[in-house]
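Since the structure comes first, as C-alpha cells, the remarks are kept for the end.
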Amino acid sequence: MERSGEVLATQVGLQFPHSLPFEDWERAGKKITRIVNSSAWFLGDWVVYGQARYSDRYRRAIETARLDYQTIRNYAWVARRFELSRRRDKLSFQHHAEVAALPVDQQDRWLDRAEEAGWSRNQLRQHIRNSRLAVQGAGSVERAMPAIQVTSERLERWQRAAERAGSSIESWIVANLDSAAGRVLEEADQPPRQVEAPRQTEHPPRQVEQQHRQLVARA
C-alpha cells in the first residue's frame, strides 16, 4: 500500500504520490543521481575483478546479466585509470571519463579545477578543448591524429556508443584505440610457439629408392 508522501521504486520506474512537496521531489532526484553515478563505478570495478580472477568466464557472466559488453568495457577502462583513492565523490563518473585518456598528473589537475569551480561534465570538456587549442596555437610538439574519412553512419554509431559510455567521442575513440593497441602489443610480445622440425626418415622414400636402383642398373 502506498504511503503518503513516499516515492516508491520498482523495476520499471518510480511511483509518485498524488501530492509531493518540492523538497521531497528534489531529494529523490539527488538520491537517483548518486545511484546512477555509483553504478558506473560498480560495474567497472566488477568487470575489472572478473577479468583478473575469471578470465575464461567473466564475459559469460556479463552476457548472462544482459549487460552491453562494449559499454561495460568502457566502464572498466575508466575504473582501471582511477584507483579508489583518486576518485572524487563530488564529481560524476562522466567527469572522470572525460580525463581518463590523459596522463595521471593532468587527470588530477583537471579534476581539481572541476571540483573547485563546480564545472559540469560539459564545462570540463569545453575547458579541456580550449586548453588543447591554445597549446596547439602556441606550437605544441603534440602530434595530431591524421584525418580519417568515415561514413556518417559510422560516426553516428561511434557517437551513440560514446554517449552510452558517458564519455566524449574523442575520449571514447582514444580509449578504444589504446585498448586495441594494448591487445595487439601484448600478443606480439608473447614468445612464438616452437614448431617441431619434420622428422627425417631413416630410409629414403620409395620413389627416390627406385630412381637410385635405375641409375645403378644403367652404370
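Simple scheme: letters A, B, ... for chains in C-alpha cells order, numbers from 1 for residues in each chain, numbers from 1 for ligands in the order shown.
Look at A:Glu170: the protein and nucleic acid residues within 12 Å of it, using only C-alpha atoms and passing over chain neighbours fewer than 3 places away, are Ala97, Glu98, Val99, Ala100, Ala101, Leu102, Arg125, Ile128, Arg129, Met145, Leu155, Trp158, Gln159, Ala161, Ala162, Glu163, Gly166, Ser167, Ile173, Val174, Ala175, Asn176 and Leu177 of chain A.
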Please produce a file of the residues just selected, as a PDB file, in the first residue's frame, where the atoms kept are C-alpha atoms.
```
ATOM      1  CA  ALA A  97      35.696   9.595 -18.138  1.00  0.00           C
ATOM      2  CA  GLU A  98      36.441  12.976 -19.752  1.00  0.00           C
ATOM      3  CA  VAL A  99      40.023  12.970 -18.456  1.00  0.00           C
ATOM      4  CA  ALA A 100      40.676   9.218 -18.355  1.00  0.00           C
ATOM      5  CA  ALA A 101      42.809   9.271 -21.521  1.00  0.00           C
ATOM      6  CA  LEU A 102      45.159  11.911 -20.079  1.00  0.00           C
ATOM      7  CA  ARG A 125      35.047  19.066 -21.681  1.00  0.00           C
ATOM      8  CA  ILE A 128      39.938  20.843 -21.959  1.00  0.00           C
ATOM      9  CA  ARG A 129      39.217  21.561 -25.618  1.00  0.00           C
ATOM     10  CA  MET A 145      45.929  12.314 -35.462  1.00  0.00           C
ATOM     11  CA  LEU A 155      30.335   8.389 -36.981  1.00  0.00           C
ATOM     12  CA  TRP A 158      30.523   5.904 -32.521  1.00  0.00           C
ATOM     13  CA  GLN A 159      28.771   8.937 -31.050  1.00  0.00           C
ATOM     14  CA  ALA A 161      28.480   4.362 -28.135  1.00  0.00           C
ATOM     15  CA  ALA A 162      30.407   7.232 -26.538  1.00  0.00           C
ATOM     16  CA  GLU A 163      27.219   8.684 -25.057  1.00  0.00           C
ATOM     17  CA  GLY A 166      29.250   8.515 -20.553  1.00  0.00           C
ATOM     18  CA  SER A 167      32.197   9.911 -22.454  1.00  0.00           C
ATOM     19  CA  ILE A 173      37.986   6.865 -29.574  1.00  0.00           C
ATOM     20  CA  VAL A 174      41.256   7.274 -27.678  1.00  0.00           C
ATOM     21  CA  ALA A 175      40.170   4.710 -25.083  1.00  0.00           C
ATOM     22  CA  ASN A 176      39.258   2.087 -27.658  1.00  0.00           C
ATOM     23  CA  LEU A 177      42.338   2.698 -29.791  1.00  0.00           C
TER      24      LEU A 177
END
```
May I have the residues within 10 Å of A:Trp25 as an MDAnalysis selection string, using only C-alpha atoms and disregarding those fewer than 2 positions away in the same chain? chainID A and resid 5:7 16 20:23 27:30
Save out the residues we just selected, all heavy atoms, as a JSON list (two decimals), in the first residue's frame.
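Saved the output as selection_37.json:
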```json
[["chain", "number", "residue", "atom", "x", "y", "z"],
["A", 5, "GLY", "N", 3.21, 10.69, 0.67],
["A", 5, "GLY", "CA", 4.46, 11.40, 0.56],
["A", 5, "GLY", "C", 5.66, 10.54, 0.26],
["A", 5, "GLY", "O", 6.79, 11.02, 0.37],
["A", 6, "GLU", "N", 5.49, 9.29, -0.13],
["A", 6, "GLU", "CA", 6.61, 8.38, -0.38],
["A", 6, "GLU", "C", 6.74, 8.07, -1.86],
["A", 6, "GLU", "O", 5.74, 7.81, -2.54],
["A", 6, "GLU", "CB", 6.42, 7.08, 0.41],
["A", 6, "GLU", "CG", 7.62, 6.16, 0.34],
["A", 6, "GLU", "CD", 7.40, 4.93, 1.20],
["A", 6, "GLU", "OE1", 6.52, 4.11, 0.84],
["A", 6, "GLU", "OE2", 8.09, 4.78, 2.22],
["A", 7, "VAL", "N", 7.96, 8.11, -2.36],
["A", 7, "VAL", "CA", 8.24, 7.73, -3.74],
["A", 7, "VAL", "C", 8.69, 6.28, -3.74],
["A", 7, "VAL", "O", 9.66, 5.93, -3.05],
["A", 7, "VAL", "CB", 9.35, 8.62, -4.35],
["A", 7, "VAL", "CG1", 9.64, 8.18, -5.78],
["A", 7, "VAL", "CG2", 8.94, 10.08, -4.31],
["A", 16, "PHE", "N", 4.92, 7.93, -7.89],
["A", 16, "PHE", "CA", 4.85, 9.15, -7.09],
["A", 16, "PHE", "C", 3.47, 9.27, -6.45],
["A", 16, "PHE", "O", 2.45, 8.89, -7.05],
["A", 16, "PHE", "CB", 5.11, 10.38, -7.96],
["A", 16, "PHE", "CG", 6.52, 10.48, -8.47],
["A", 16, "PHE", "CD1", 6.88, 9.94, -9.68],
["A", 16, "PHE", "CD2", 7.49, 11.13, -7.72],
["A", 16, "PHE", "CE1", 8.18, 10.03, -10.15],
["A", 16, "PHE", "CE2", 8.79, 11.24, -8.18],
["A", 16, "PHE", "CZ", 9.14, 10.69, -9.40],
["A", 20, "LEU", "N", 3.30, 15.68, -3.62],
["A", 20, "LEU", "CA", 4.68, 15.52, -3.15],
["A", 20, "LEU", "C", 5.33, 16.88, -3.03],
["A", 20, "LEU", "O", 5.42, 17.62, -4.02],
["A", 20, "LEU", "CB", 5.47, 14.65, -4.13],
["A", 20, "LEU", "CG", 6.92, 14.33, -3.74],
["A", 20, "LEU", "CD1", 6.95, 13.40, -2.53],
["A", 20, "LEU", "CD2", 7.66, 13.70, -4.92],
["A", 21, "PRO", "N", 5.79, 17.25, -1.85],
["A", 21, "PRO", "CA", 6.46, 18.56, -1.70],
["A", 21, "PRO", "C", 7.70, 18.64, -2.59],
["A", 21, "PRO", "O", 8.35, 17.63, -2.88],
["A", 21, "PRO", "CB", 6.85, 18.59, -0.21],
["A", 21, "PRO", "CG", 5.93, 17.62, 0.44],
["A", 21, "PRO", "CD", 5.68, 16.53, -0.58],
["A", 22, "PHE", "N", 8.01, 19.86, -3.01],
["A", 22, "PHE", "CA", 9.16, 20.06, -3.90],
["A", 22, "PHE", "C", 10.44, 19.54, -3.27],
["A", 22, "PHE", "O", 11.28, 18.93, -3.95],
["A", 22, "PHE", "CB", 9.32, 21.55, -4.21],
["A", 22, "PHE", "CG", 10.58, 21.88, -4.96],
["A", 22, "PHE", "CD1", 10.67, 21.67, -6.33],
["A", 22, "PHE", "CD2", 11.70, 22.36, -4.29],
["A", 22, "PHE", "CE1", 11.84, 21.96, -7.02],
["A", 22, "PHE", "CE2", 12.88, 22.65, -4.97],
["A", 22, "PHE", "CZ", 12.94, 22.44, -6.34],
["A", 23, "GLU", "N", 10.62, 19.76, -1.96],
["A", 23, "GLU", "CA", 11.84, 19.33, -1.30],
["A", 23, "GLU", "C", 12.01, 17.82, -1.37],
["A", 23, "GLU", "O", 13.12, 17.30, -1.55],
["A", 23, "GLU", "CB", 11.84, 19.78, 0.17],
["A", 23, "GLU", "CG", 11.94, 21.29, 0.37],
["A", 23, "GLU", "CD", 10.63, 22.01, 0.06],
["A", 23, "GLU", "OE1", 9.59, 21.33, -0.09],
["A", 23, "GLU", "OE2", 10.65, 23.25, -0.04],
["A", 27, "ARG", "N", 14.96, 15.85, -3.27],
["A", 27, "ARG", "CA", 15.77, 14.89, -2.54],
["A", 27, "ARG", "C", 15.80, 13.55, -3.28],
["A", 27, "ARG", "O", 16.85, 12.89, -3.34],
["A", 27, "ARG", "CB", 15.20, 14.71, -1.13],
["A", 27, "ARG", "CG", 16.09, 13.87, -0.21],
["A", 27, "ARG", "CD", 15.47, 13.72, 1.16],
["A", 27, "ARG", "NE", 15.17, 15.01, 1.76],
["A", 27, "ARG", "CZ", 13.94, 15.47, 1.97],
["A", 27, "ARG", "NH1", 12.89, 14.74, 1.61],
["A", 27, "ARG", "NH2", 13.75, 16.64, 2.52],
["A", 28, "ALA", "N", 14.69, 13.14, -3.85],
["A", 28, "ALA", "CA", 14.65, 11.88, -4.60],
["A", 28, "ALA", "C", 15.57, 11.95, -5.82],
["A", 28, "ALA", "O", 16.27, 10.99, -6.14],
["A", 28, "ALA", "CB", 13.22, 11.58, -5.04],
["A", 29, "GLY", "N", 15.60, 13.10, -6.49],
["A", 29, "GLY", "CA", 16.47, 13.26, -7.66],
["A", 29, "GLY", "C", 17.94, 13.15, -7.29],
["A", 29, "GLY", "O", 18.73, 12.56, -8.03],
["A", 30, "LYS", "N", 18.32, 13.71, -6.15],
["A", 30, "LYS", "CA", 19.71, 13.62, -5.71],
["A", 30, "LYS", "C", 20.10, 12.17, -5.41],
["A", 30, "LYS", "O", 21.22, 11.73, -5.73],
["A", 30, "LYS", "CB", 19.93, 14.50, -4.47],
["A", 30, "LYS", "CG", 19.82, 15.99, -4.75],
["A", 30, "LYS", "CD", 20.03, 16.80, -3.48],
["A", 30, "LYS", "CE", 19.95, 18.30, -3.77],
["A", 30, "LYS", "NZ", 20.13, 19.12, -2.53]]
```
Skip A:Val48 itself and residues of its chain fewer than 4 positions away, then list as an MDAnalysis selection string all residues within 12 Å of it, counting only C-alpha atoms. chainID A and resid 41:44 52:55 58:59 62 72:83
Which neighbours of A:Arg121 fall inside 9 Å, counting only C-alpha atoms, when residues of the same chain fewer than 6 positions from it are skipped, and could you give them as a PDB file with C-alpha atoms, in the first residue's frame?
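To be explicit, this is the file written out as part00.pdb:
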```pdb
ATOM      1  CA  LEU A  91      32.350  14.667  -9.337  1.00  0.00           C
ATOM      2  CA  SER A  92      30.453  12.269 -11.561  1.00  0.00           C
ATOM      3  CA  GLN A  94      31.402  11.179 -16.549  1.00  0.00           C
ATOM      4  CA  HIS A  95      33.822  13.819 -15.227  1.00  0.00           C
ATOM      5  CA  HIS A  96      36.413  11.097 -14.707  1.00  0.00           C
ATOM      6  CA  GLU A  98      36.441  12.976 -19.752  1.00  0.00           C
ATOM      7  CA  ALA A 114      36.404  20.988 -11.994  1.00  0.00           C
TER       8      ALA A 114
END
```
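Closest to A:Trp172 among A:Leu111, A:Asp89, A:Ser120, A:Gln70 is A:Gln70, based on only C-alpha atoms.
Shell of A:Asp112 at 12 Å, with only C-alpha atoms counted and residues fewer than 2 places along the chain excluded, is Arg86, Arg87, Arg88, Asp89, Lys90, Leu91, His95, His96, Val99, Asp105, Gln106, Gln107, Asp108, Arg109, Trp110, Ala114, Glu115, Glu116, Ala117, Gly118, Trp119 and Leu124 of chain A.
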Dump N, CA, C and O atoms for the selected residues as a PDB file, in the first residue's frame?
```
ATOM      1  N   ARG A  86      41.789   7.917  -5.821  1.00  0.00           N
ATOM      2  CA  ARG A  86      41.868   9.077  -6.708  1.00  0.00           C
ATOM      3  C   ARG A  86      40.496   9.482  -7.255  1.00  0.00           C
ATOM      4  O   ARG A  86      40.394  10.449  -7.994  1.00  0.00           O
ATOM      5  N   ARG A  87      39.475   8.778  -6.904  1.00  0.00           N
ATOM      6  CA  ARG A  87      38.143   9.111  -7.398  1.00  0.00           C
ATOM      7  C   ARG A  87      37.524  10.211  -6.540  1.00  0.00           C
ATOM      8  O   ARG A  87      37.610  10.178  -5.320  1.00  0.00           O
ATOM      9  N   ARG A  88      36.873  11.158  -7.189  1.00  0.00           N
ATOM     10  CA  ARG A  88      36.288  12.304  -6.493  1.00  0.00           C
ATOM     11  C   ARG A  88      34.793  12.076  -6.313  1.00  0.00           C
ATOM     12  O   ARG A  88      34.040  12.031  -7.299  1.00  0.00           O
ATOM     13  N   ASP A  89      34.366  11.959  -5.069  1.00  0.00           N
ATOM     14  CA  ASP A  89      32.942  11.680  -4.831  1.00  0.00           C
ATOM     15  C   ASP A  89      32.053  12.889  -5.127  1.00  0.00           C
ATOM     16  O   ASP A  89      30.838  12.753  -5.254  1.00  0.00           O
ATOM     17  N   LYS A  90      32.664  14.076  -5.253  1.00  0.00           N
ATOM     18  CA  LYS A  90      31.879  15.254  -5.600  1.00  0.00           C
ATOM     19  C   LYS A  90      31.746  15.442  -7.105  1.00  0.00           C
ATOM     20  O   LYS A  90      31.049  16.357  -7.554  1.00  0.00           O
ATOM     21  N   LEU A  91      32.435  14.619  -7.878  1.00  0.00           N
ATOM     22  CA  LEU A  91      32.350  14.667  -9.337  1.00  0.00           C
ATOM     23  C   LEU A  91      31.744  13.367  -9.850  1.00  0.00           C
ATOM     24  O   LEU A  91      31.874  12.315  -9.226  1.00  0.00           O
ATOM     25  N   HIS A  95      32.683  12.918 -15.381  1.00  0.00           N
ATOM     26  CA  HIS A  95      33.822  13.819 -15.227  1.00  0.00           C
ATOM     27  C   HIS A  95      35.132  13.041 -15.358  1.00  0.00           C
ATOM     28  O   HIS A  95      36.060  13.461 -16.052  1.00  0.00           O
ATOM     29  N   HIS A  96      35.199  11.916 -14.671  1.00  0.00           N
ATOM     30  CA  HIS A  96      36.413  11.097 -14.707  1.00  0.00           C
ATOM     31  C   HIS A  96      36.646  10.530 -16.112  1.00  0.00           C
ATOM     32  O   HIS A  96      37.784  10.452 -16.571  1.00  0.00           O
ATOM     33  N   VAL A  99      38.571  12.796 -18.594  1.00  0.00           N
ATOM     34  CA  VAL A  99      40.023  12.970 -18.456  1.00  0.00           C
ATOM     35  C   VAL A  99      40.769  11.648 -18.392  1.00  0.00           C
ATOM     36  O   VAL A  99      41.987  11.625 -18.212  1.00  0.00           O
ATOM     37  N   ASP A 105      48.963  13.033 -13.950  1.00  0.00           N
ATOM     38  CA  ASP A 105      49.083  14.362 -13.382  1.00  0.00           C
ATOM     39  C   ASP A 105      48.070  15.335 -13.987  1.00  0.00           C
ATOM     40  O   ASP A 105      47.520  16.202 -13.288  1.00  0.00           O
ATOM     41  N   GLN A 106      47.793  15.178 -15.279  1.00  0.00           N
ATOM     42  CA  GLN A 106      46.793  16.036 -15.915  1.00  0.00           C
ATOM     43  C   GLN A 106      45.382  15.653 -15.477  1.00  0.00           C
ATOM     44  O   GLN A 106      44.503  16.523 -15.346  1.00  0.00           O
ATOM     45  N   GLN A 107      45.146  14.372 -15.264  1.00  0.00           N
ATOM     46  CA  GLN A 107      43.846  13.949 -14.740  1.00  0.00           C
ATOM     47  C   GLN A 107      43.553  14.662 -13.425  1.00  0.00           C
ATOM     48  O   GLN A 107      42.482  15.249 -13.254  1.00  0.00           O
ATOM     49  N   ASP A 108      44.510  14.598 -12.512  1.00  0.00           N
ATOM     50  CA  ASP A 108      44.308  15.212 -11.193  1.00  0.00           C
ATOM     51  C   ASP A 108      44.137  16.723 -11.305  1.00  0.00           C
ATOM     52  O   ASP A 108      43.310  17.326 -10.601  1.00  0.00           O
ATOM     53  N   ARG A 109      44.923  17.331 -12.191  1.00  0.00           N
ATOM     54  CA  ARG A 109      44.838  18.790 -12.328  1.00  0.00           C
ATOM     55  C   ARG A 109      43.460  19.219 -12.817  1.00  0.00           C
ATOM     56  O   ARG A 109      42.861  20.153 -12.264  1.00  0.00           O
ATOM     57  N   TRP A 110      42.942  18.526 -13.832  1.00  0.00           N
ATOM     58  CA  TRP A 110      41.648  18.911 -14.374  1.00  0.00           C
ATOM     59  C   TRP A 110      40.512  18.587 -13.402  1.00  0.00           C
ATOM     60  O   TRP A 110      39.546  19.358 -13.271  1.00  0.00           O
ATOM     61  N   ALA A 114      37.844  21.205 -11.844  1.00  0.00           N
ATOM     62  CA  ALA A 114      36.404  20.988 -11.994  1.00  0.00           C
ATOM     63  C   ALA A 114      35.714  20.981 -10.637  1.00  0.00           C
ATOM     64  O   ALA A 114      34.613  21.533 -10.476  1.00  0.00           O
ATOM     65  N   GLU A 115      36.369  20.366  -9.647  1.00  0.00           N
ATOM     66  CA  GLU A 115      35.773  20.303  -8.314  1.00  0.00           C
ATOM     67  C   GLU A 115      35.737  21.675  -7.653  1.00  0.00           C
ATOM     68  O   GLU A 115      34.739  22.063  -7.032  1.00  0.00           O
ATOM     69  N   GLU A 116      36.815  22.424  -7.784  1.00  0.00           N
ATOM     70  CA  GLU A 116      36.881  23.756  -7.171  1.00  0.00           C
ATOM     71  C   GLU A 116      35.908  24.736  -7.814  1.00  0.00           C
ATOM     72  O   GLU A 116      35.283  25.559  -7.126  1.00  0.00           O
ATOM     73  N   ALA A 117      35.774  24.662  -9.146  1.00  0.00           N
ATOM     74  CA  ALA A 117      34.918  25.614  -9.864  1.00  0.00           C
ATOM     75  C   ALA A 117      33.479  25.132 -10.002  1.00  0.00           C
ATOM     76  O   ALA A 117      32.613  25.890 -10.445  1.00  0.00           O
ATOM     77  N   GLY A 118      33.227  23.876  -9.646  1.00  0.00           N
ATOM     78  CA  GLY A 118      31.876  23.345  -9.778  1.00  0.00           C
ATOM     79  C   GLY A 118      31.442  23.148 -11.218  1.00  0.00           C
ATOM     80  O   GLY A 118      30.267  23.320 -11.549  1.00  0.00           O
ATOM     81  N   TRP A 119      32.394  22.780 -12.092  1.00  0.00           N
ATOM     82  CA  TRP A 119      32.075  22.592 -13.503  1.00  0.00           C
ATOM     83  C   TRP A 119      31.213  21.355 -13.710  1.00  0.00           C
ATOM     84  O   TRP A 119      31.387  20.334 -13.041  1.00  0.00           O
ATOM     85  N   LEU A 124      33.686  20.949 -18.198  1.00  0.00           N
ATOM     86  CA  LEU A 124      35.031  20.377 -18.126  1.00  0.00           C
ATOM     87  C   LEU A 124      35.531  20.026 -19.522  1.00  0.00           C
ATOM     88  O   LEU A 124      36.680  20.322 -19.882  1.00  0.00           O
TER      89      LEU A 124
END
```
Point-to-point distance from atom CA of A:Ser38 to atom CA of A:Phe93, Å rounded to tenths: 7.5 Å
Would you please give, as JSON, numbers by chain, all residues of stretch 78-141 of chain A that DSSP assigns to helix (DSSP H, G or I) based on the backbone? {"A": [78, 79, 80, 81, 84, 85, 86, 93, 94, 95, 96, 97, 98, 99, 104, 105, 106, 107, 108, 109, 110, 111, 112, 113, 114, 115, 116, 117, 121, 122, 123, 124, 125, 126, 127, 128, 129, 130, 131, 132, 133, 134, 135, 136, 137]}
Keeping only C-alpha atoms, write the selected residues to a file as a PDB file, in the first residue's frame.
```pdb
ATOM      1  CA  VAL A  78      37.795   4.236 -16.700  1.00  0.00           C
ATOM      2  CA  ALA A  79      37.810   2.232 -13.445  1.00  0.00           C
ATOM      3  CA  ARG A  80      41.323   0.986 -14.209  1.00  0.00           C
ATOM      4  CA  ARG A  81      42.527   4.524 -14.810  1.00  0.00           C
ATOM      5  CA  LEU A  84      39.607   4.260  -5.402  1.00  0.00           C
ATOM      6  CA  SER A  85      41.824   6.794  -3.627  1.00  0.00           C
ATOM      7  CA  ARG A  86      41.868   9.077  -6.708  1.00  0.00           C
ATOM      8  CA  PHE A  93      31.752   9.211 -13.319  1.00  0.00           C
ATOM      9  CA  GLN A  94      31.402  11.179 -16.549  1.00  0.00           C
ATOM     10  CA  HIS A  95      33.822  13.819 -15.227  1.00  0.00           C
ATOM     11  CA  HIS A  96      36.413  11.097 -14.707  1.00  0.00           C
ATOM     12  CA  ALA A  97      35.696   9.595 -18.138  1.00  0.00           C
ATOM     13  CA  GLU A  98      36.441  12.976 -19.752  1.00  0.00           C
ATOM     14  CA  VAL A  99      40.023  12.970 -18.456  1.00  0.00           C
ATOM     15  CA  VAL A 104      47.775  10.927 -14.323  1.00  0.00           C
ATOM     16  CA  ASP A 105      49.083  14.362 -13.382  1.00  0.00           C
ATOM     17  CA  GLN A 106      46.793  16.036 -15.915  1.00  0.00           C
ATOM     18  CA  GLN A 107      43.846  13.949 -14.740  1.00  0.00           C
ATOM     19  CA  ASP A 108      44.308  15.212 -11.193  1.00  0.00           C
ATOM     20  CA  ARG A 109      44.838  18.790 -12.328  1.00  0.00           C
ATOM     21  CA  TRP A 110      41.648  18.911 -14.374  1.00  0.00           C
ATOM     22  CA  LEU A 111      39.574  17.148 -11.734  1.00  0.00           C
ATOM     23  CA  ASP A 112      40.876  19.561  -9.098  1.00  0.00           C
ATOM     24  CA  ARG A 113      39.818  22.502 -11.245  1.00  0.00           C
ATOM     25  CA  ALA A 114      36.404  20.988 -11.994  1.00  0.00           C
ATOM     26  CA  GLU A 115      35.773  20.303  -8.314  1.00  0.00           C
ATOM     27  CA  GLU A 116      36.881  23.756  -7.171  1.00  0.00           C
ATOM     28  CA  ALA A 117      34.918  25.614  -9.864  1.00  0.00           C
ATOM     29  CA  ARG A 121      30.845  17.456 -17.358  1.00  0.00           C
ATOM     30  CA  ASN A 122      30.216  19.567 -20.450  1.00  0.00           C
ATOM     31  CA  GLN A 123      32.025  22.553 -18.955  1.00  0.00           C
ATOM     32  CA  LEU A 124      35.031  20.377 -18.126  1.00  0.00           C
ATOM     33  CA  ARG A 125      35.047  19.066 -21.681  1.00  0.00           C
ATOM     34  CA  GLN A 126      34.947  22.578 -23.108  1.00  0.00           C
ATOM     35  CA  HIS A 127      37.788  23.802 -20.892  1.00  0.00           C
ATOM     36  CA  ILE A 128      39.938  20.843 -21.959  1.00  0.00           C
ATOM     37  CA  ARG A 129      39.217  21.561 -25.618  1.00  0.00           C
ATOM     38  CA  ASN A 130      40.059  25.220 -25.188  1.00  0.00           C
ATOM     39  CA  SER A 131      43.314  24.308 -23.492  1.00  0.00           C
ATOM     40  CA  ARG A 132      44.273  21.972 -26.333  1.00  0.00           C
ATOM     41  CA  LEU A 133      43.539  24.629 -28.925  1.00  0.00           C
ATOM     42  CA  ALA A 134      45.652  27.130 -27.022  1.00  0.00           C
ATOM     43  CA  VAL A 135      48.556  24.692 -26.793  1.00  0.00           C
ATOM     44  CA  GLN A 136      48.338  23.835 -30.489  1.00  0.00           C
ATOM     45  CA  GLY A 137      48.267  27.519 -31.363  1.00  0.00           C
TER      46      GLY A 137
END
```
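Between atom CA of A:Ala40 and atom CA of A:Arg157 there is a distance of 21.0 Å.
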